[in-house]
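**Student:** Sharing data02.cif, mmCIF, C-alpha atoms:
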```
data_final
loop_
_atom_site.label_atom_id
_atom_site.label_comp_id
_atom_site.auth_asym_id
_atom_site.auth_seq_id
_atom_site.Cartn_x
_atom_site.Cartn_y
_atom_site.Cartn_z
CA SER M 1 40.56 27.72 282.44
CA GLN M 2 43.38 25.81 280.82
CA LYS M 3 43.41 25.13 277.08
CA ILE M 4 45.28 22.06 275.88
CA GLU M 5 46.20 21.29 272.30
CA GLN M 6 47.07 17.88 270.95
CA ASN M 7 47.43 17.08 267.28
CA SER M 8 43.97 16.02 266.19
CA GLU M 9 45.31 14.26 263.11
CA ALA M 10 46.33 10.65 263.51
CA LEU M 11 50.03 9.86 263.64
CA ASN M 12 51.00 6.96 261.38
CA ILE M 13 54.42 5.38 261.85
CA GLN M 14 56.22 2.19 260.97
CA GLU M 15 56.89 -0.50 263.54
CA GLY M 16 60.25 -0.06 265.21
CA LYS M 17 60.35 3.72 264.79
CA THR M 18 60.01 6.28 267.57
CA ALA M 19 56.61 7.93 267.93
CA THR M 20 56.56 11.49 269.26
CA LEU M 21 53.32 13.10 270.42
CA THR M 22 52.92 16.74 271.39
CA CYS M 23 50.89 18.43 274.10
CA ASN M 24 50.79 22.24 274.18
CA TYR M 25 48.98 24.31 276.78
CA THR M 26 48.09 27.94 277.32
CA ASN M 27 47.60 30.03 280.43
CA TYR M 28 49.23 29.01 283.67
CA SER M 29 51.82 26.29 284.05
CA PRO M 30 50.43 23.19 285.69
CA ALA M 31 52.04 21.56 288.68
CA TYR M 32 51.63 18.12 287.11
CA LEU M 33 51.32 16.73 283.64
CA GLN M 34 50.13 13.19 282.99
CA TRP M 35 49.84 10.99 279.92
CA TYR M 36 47.11 8.39 279.47
CA ARG M 37 46.38 5.77 276.86
CA GLN M 38 42.82 5.08 275.69
CA ASP M 39 41.72 2.13 273.58
CA PRO M 40 38.37 2.08 271.74
CA GLY M 41 35.47 1.41 274.08
CA ARG M 42 37.66 1.67 277.18
CA GLY M 43 38.52 4.29 279.75
CA PRO M 44 41.92 6.04 279.80
CA VAL M 45 44.79 4.22 281.50
CA PHE M 46 47.58 6.11 283.26
CA LEU M 47 51.08 5.91 281.78
CA LEU M 48 53.39 8.58 283.20
CA LEU M 49 53.37 11.66 285.43
CA ILE M 50 55.89 14.49 285.37
CA ARG M 51 56.12 17.42 287.77
CA GLU M 52 56.76 21.03 286.80
CA ASN M 53 60.27 20.94 288.26
CA GLU M 54 61.22 17.82 286.27
CA LYS M 55 62.54 17.94 282.73
CA GLU M 56 62.24 14.32 281.76
CA LYS M 57 60.74 11.03 282.98
CA ARG M 58 61.23 7.54 281.60
CA LYS M 59 59.47 4.21 281.97
CA GLU M 60 60.59 1.30 279.83
CA ARG M 61 60.04 2.40 276.18
CA LEU M 62 58.23 5.58 277.21
CA LYS M 63 59.74 9.02 277.76
CA VAL M 64 58.05 12.28 278.67
CA THR M 65 59.59 15.75 278.60
CA PHE M 66 58.17 18.91 280.13
CA ASP M 67 59.24 22.39 279.01
CA THR M 68 57.48 25.07 281.05
CA THR M 69 59.07 27.83 278.94
CA LEU M 70 57.61 26.47 275.72
CA LYS M 71 54.47 25.29 277.58
CA GLN M 72 54.88 21.93 275.96
CA SER M 73 55.23 18.26 276.76
CA LEU M 74 56.53 15.63 274.37
CA PHE M 75 55.67 11.94 274.72
CA HIS M 76 57.96 9.43 273.04
CA ILE M 77 57.48 5.72 272.42
CA THR M 78 60.69 4.08 271.22
CA ALA M 79 60.78 0.85 269.21
CA SER M 80 57.06 1.21 268.61
CA GLN M 81 54.88 -1.87 268.12
CA PRO M 82 51.44 -2.37 266.55
CA ALA M 83 50.14 -2.98 270.10
CA ASP M 84 51.02 0.65 270.89
CA SER M 85 48.25 1.78 268.52
CA ALA M 86 45.76 3.76 270.61
CA THR M 87 44.73 7.32 271.46
CA TYR M 88 47.06 9.13 273.84
CA LEU M 89 45.75 11.88 276.11
CA CYS M 90 47.66 14.44 278.08
CA ALA M 91 46.20 15.87 281.27
CA LEU M 92 47.22 18.87 283.34
CA SER M 93 46.49 19.53 286.96
CA THR M 94 47.45 21.97 289.68
CA ASP M 95 48.01 21.73 293.40
CA ASN M 96 44.51 23.08 293.93
CA PHE M 97 41.73 20.73 294.54
CA ASN M 98 41.54 18.60 291.48
CA LYS M 99 41.40 20.80 288.44
CA PHE M 100 42.07 18.17 285.83
CA TYR M 101 42.16 19.30 282.21
CA PHE M 102 42.46 16.76 279.42
CA GLY M 103 43.44 17.25 275.81
CA SER M 104 41.32 15.68 273.09
CA GLY M 105 44.05 13.14 272.36
CA THR M 106 46.15 12.02 269.41
CA LYS M 107 45.52 8.70 267.70
CA LEU M 108 48.66 6.69 267.03
CA ASN M 109 48.71 3.98 264.34
CA VAL M 110 51.78 1.74 264.27
CA LYS M 111 51.94 -0.27 261.07
CA PRO M 112 53.73 -3.62 260.92
CA GLU W 1 40.81 -4.54 285.28
CA THR W 2 41.36 -1.07 286.68
CA GLY W 3 39.43 -1.62 289.90
CA VAL W 4 36.67 0.75 288.78
CA THR W 5 33.45 -0.84 287.51
CA GLN W 6 30.71 1.00 285.67
CA THR W 7 27.22 -0.25 284.86
CA PRO W 8 25.51 -0.40 282.51
CA ARG W 9 28.04 -0.41 279.66
CA HIS W 10 25.43 0.77 277.16
CA LEU W 11 22.21 2.71 277.71
CA VAL W 12 19.57 3.96 275.30
CA MET W 13 16.94 6.27 276.71
CA GLY W 14 14.23 8.60 275.55
CA MET W 15 14.18 12.25 276.50
CA THR W 16 11.46 11.71 279.08
CA ASN W 17 13.06 8.73 280.81
CA LYS W 18 14.82 8.63 284.16
CA LYS W 19 17.86 6.40 284.49
CA SER W 20 20.94 6.08 286.67
CA LEU W 21 24.57 5.25 285.97
CA LYS W 22 26.51 3.38 288.63
CA CYS W 23 30.19 3.36 289.47
CA GLU W 24 31.99 1.27 292.07
CA GLN W 25 35.68 1.34 292.97
CA HIS W 26 37.58 -1.38 294.83
CA LEU W 27 40.81 0.57 295.31
CA GLY W 28 40.19 2.17 298.68
CA HIS W 29 40.31 5.64 297.13
CA ASN W 30 38.77 8.73 298.67
CA ALA W 31 37.97 10.79 295.56
CA MET W 32 35.62 9.95 292.68
CA TYR W 33 34.80 11.75 289.45
CA TRP W 34 32.31 11.86 286.60
CA TYR W 35 33.54 12.83 283.13
CA LYS W 36 31.73 13.25 279.81
CA GLN W 37 33.56 12.29 276.62
CA SER W 38 32.10 13.35 273.28
CA ALA W 39 33.61 12.52 269.89
CA LYS W 40 36.66 14.62 269.03
CA LYS W 41 36.36 16.63 272.24
CA PRO W 42 38.40 16.58 275.45
CA LEU W 43 37.10 14.83 278.52
CA GLU W 44 34.88 17.24 280.40
CA LEU W 45 35.02 17.03 284.17
CA MET W 46 31.44 17.10 285.50
CA PHE W 47 31.60 16.34 289.21
CA VAL W 48 34.22 15.63 291.86
CA TYR W 49 33.58 14.03 295.23
CA SER W 50 36.11 13.77 298.02
CA LEU W 51 35.25 11.77 301.13
CA GLU W 52 31.64 11.67 299.89
CA GLU W 53 31.39 15.46 299.75
CA ARG W 54 30.93 17.20 296.42
CA VAL W 55 33.76 19.66 295.90
CA GLU W 56 33.48 20.49 292.21
CA ASN W 57 30.56 21.02 289.88
CA ASN W 58 31.58 22.43 286.54
CA SER W 59 28.31 24.16 285.66
CA VAL W 60 26.62 20.94 284.69
CA PRO W 61 22.90 21.17 283.79
CA SER W 62 20.54 20.14 286.56
CA ARG W 63 19.24 17.24 284.47
CA PHE W 64 22.41 15.48 285.68
CA SER W 65 22.31 14.74 289.41
CA PRO W 66 25.22 12.98 291.16
CA GLU W 67 25.05 10.97 294.34
CA CYS W 68 27.90 9.59 296.43
CA PRO W 69 26.53 7.49 299.32
CA ASN W 70 30.00 6.29 300.39
CA SER W 71 33.59 6.49 299.17
CA SER W 72 33.23 3.34 297.04
CA HIS W 73 30.06 4.17 295.13
CA LEU W 74 29.06 6.97 292.80
CA PHE W 75 25.85 7.44 290.85
CA LEU W 76 24.77 9.77 288.10
CA HIS W 77 21.01 10.22 287.93
CA LEU W 78 19.68 11.27 284.55
CA HIS W 79 16.31 12.83 283.69
CA THR W 80 14.82 14.70 280.73
CA LEU W 81 18.06 14.49 278.79
CA GLN W 82 18.65 16.01 275.37
CA PRO W 83 20.08 14.28 272.27
CA GLU W 84 23.31 16.30 272.68
CA ASP W 85 23.85 14.53 275.99
CA SER W 86 24.65 11.36 274.06
CA ALA W 87 28.28 10.54 274.91
CA LEU W 88 30.58 8.20 276.80
CA TYR W 89 30.30 8.82 280.54
CA LEU W 90 33.40 7.88 282.46
CA CYS W 91 33.85 7.41 286.18
CA ALA W 92 37.28 7.69 287.80
CA SER W 93 38.77 7.49 291.26
CA SER W 94 42.01 8.67 292.86
CA GLN W 95 43.69 8.27 296.22
CA ASP W 96 42.54 11.72 297.26
CA GLY W 97 41.83 15.05 295.63
CA ALA W 98 45.42 16.28 295.40
CA GLY W 99 46.48 17.51 292.01
CA GLY W 100 49.23 14.97 291.39
CA ASN W 101 47.07 11.94 291.95
CA ILE W 102 46.69 9.35 289.24
CA GLN W 103 43.14 8.76 288.06
CA TYR W 104 41.82 5.26 287.54
CA PHE W 105 38.99 5.06 285.03
CA GLY W 106 36.17 2.65 284.48
CA ALA W 107 35.29 1.43 280.99
CA GLY W 108 32.47 3.94 280.72
CA THR W 109 28.77 3.92 279.89
CA ARG W 110 27.89 4.64 276.28
CA LEU W 111 24.69 6.72 276.47
CA SER W 112 22.38 7.36 273.55
CA VAL W 113 19.48 9.77 273.98
CA LEU W 114 16.75 9.43 271.39
#
```
Write the structure described by the file as structure tokens, please.

**Tutor:**
Amino acid sequence: SQKIEQNSEALNIQEGKTATLTCNYTNYSPAYLQWYRQDPGRGPVFLLLIRENEKEKRKERLKVTFDTTLKQSLFHITASQPADSATYLCALSTDNFNKFYFGSGTKLNVKP
Amino acid sequence: ETGVTQTPRHLVMGMTNKKSLKCEQHLGHNAMYWYKQSAKKPLELMFVYSLEERVENNSVPSRFSPECPNSSHLFLHLHTLQPEDSALYLCASSQDGAGGNIQYFGAGTRLSVL
């Protein structure tokens, strides 16, 4: 099975700075990599998807990169705001019938 | 609102009880999932249904029994659970079972087994 590593320590940054979260994986390269946001007491909410043949994807203040050589994805939030404080999960999947593997998430705290 | 509704939101049960978790999706999706989320651990995929047929069962103990009567509803029947089964149980749906599909999650049921 796939092993996914996300920094288990919380990331604390100042409002207005860029937050960068890391997702590393072992074993095979996934066909798709997704990032989700989870707030306390709620289910994860989809943010971005990137395919294995894509290097970078952007959506408003969010940017995801995917390096299949390093087996790593980086998730960036530019001009961060306190409302961005949450836990961010990365998820990997293949073309096969729904093998979804989630990381344990990284908690982001954006201080005003 | 994500379009996926789970009930109840909180459940406390003894080890000898039988209870059921319910999930309903209003998105017209064809695939539904049950996940278990324990503190500091990744989401664990328990069951996957596509077009009401179970296609994935990740070695889940038999004390968890899923049921998918139609593509909009999913149940998780619980019996003789253990304290270590206490966790957040999340339901999700996606358009179909293809790997690139986005998953839409409910808010979860917080289960405590005494």

**Student:** Compile the contact shell of Leu62 in chain M as a ChimeraX atom specification: residues with an atom at most 12 Å away, counting only C-alpha atoms, same-chain residues fewer than 5 positions apart removed.

**Tutor:** /M:18-21,35-37,47-49,56-57,74-80,84

**Student:** The PyMOL selection byres ((chain M) within 12 of (chain W)) - which residues does that actually catch in the file I just gave you? List them as a PyMOL selection string.

**Tutor:** chain M and resi 1-10+30-52+87-107

**Student:** Could you tell me how far CA of Met32 in chain W sits from CA of His73 in chain W, in Å to one decimal place?

**Tutor:**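 Going from CA of His73 in chain W over to CA of Met32 in chain W covers 8.4 Å.
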
**Student:** Taking the point (53.4, 20.1, 271.3) as given in the file, collect each protein or nucleic acid residue that comes within 7 Å of it, counting all atoms listed in the file, and present the set as a PyMOL selection string.

**Tutor:** chain M and resi 6+22-24+72-74

**Student:** CA of Val113 in chain W and CA of Glu24 in chain W are how many Å apart?

**Tutor:**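 Between CA of Val113 in chain W and CA of Glu24 in chain W the gap is 23.6 Å.
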
**Student:** Just want the 9 Å neighbourhood of Glu54 in chain M, counted on all atoms listed in the file, with same-chain residues fewer than 5 positions away dropped. Output as a PyMOL selection string.

**Tutor:** chain M and resi 65-67

**Student:** Could you tell me which of W:Thr7, W:Ser71, W:Ser59, W:Ser86 comes closest to His29 in chain W if we count all atoms listed in the file?

**Tutor:**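 For His29 in chain W, the nearest of the given residues is W:Ser71.
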
**Student:** Write out as a list of chain:residue names each polymer residue whose atoms come within 8 Å of Leu114 in chain W, counting all atoms listed in the file; drop sequence neighbours fewer than 6 positions from it.

**Tutor:**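 With the cut-off at 8 Å, the set is W:Val12, W:Met13, W:Gly14, W:Met15, W:Gln82, W:Pro83.
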
**Student:** Counting all atoms listed in the file, which residue out of M:Lys55, M:Gly16, M:Asn109, M:Ser85 sits closest to Thr68 in chain M?

**Tutor:** M:Lys55

**Student:** Hey, what comes out of the PyMOL selection byres ((chain W and resi 60) around 12) on this file? Could you write it as a PyMOL selection string?

**Tutor:** chain W and resi 34-36+44-48+56-59+61-66+76+78+85

**Student:** Using all atoms listed in the file, list the residues that have an atom at most 9 Å from (50.0, 1.9, 262.2), coordinates as in the file, as a ChimeraX atom specification.

**Tutor:** /M:11-15,81-82,84-85,108-112

**Student:** So what do you get for CA of Ala86 in chain M versus CA of Lys59 in chain M, distance-wise?

**Tutor:**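 It comes out at 17.8 Å.
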
**Student:** Each side padded by 3 Å, which centre and which edge lengths in Å (one decimal) define the axis-aligned box around the listed atoms of range 88-98 of chain W? Give them as JSON.

**Tutor:**
```
{"center_x": 37.9, "center_y": 11.8, "center_z": 287.0, "size_x": 21.1, "size_y": 14.9, "size_z": 26.5}
```
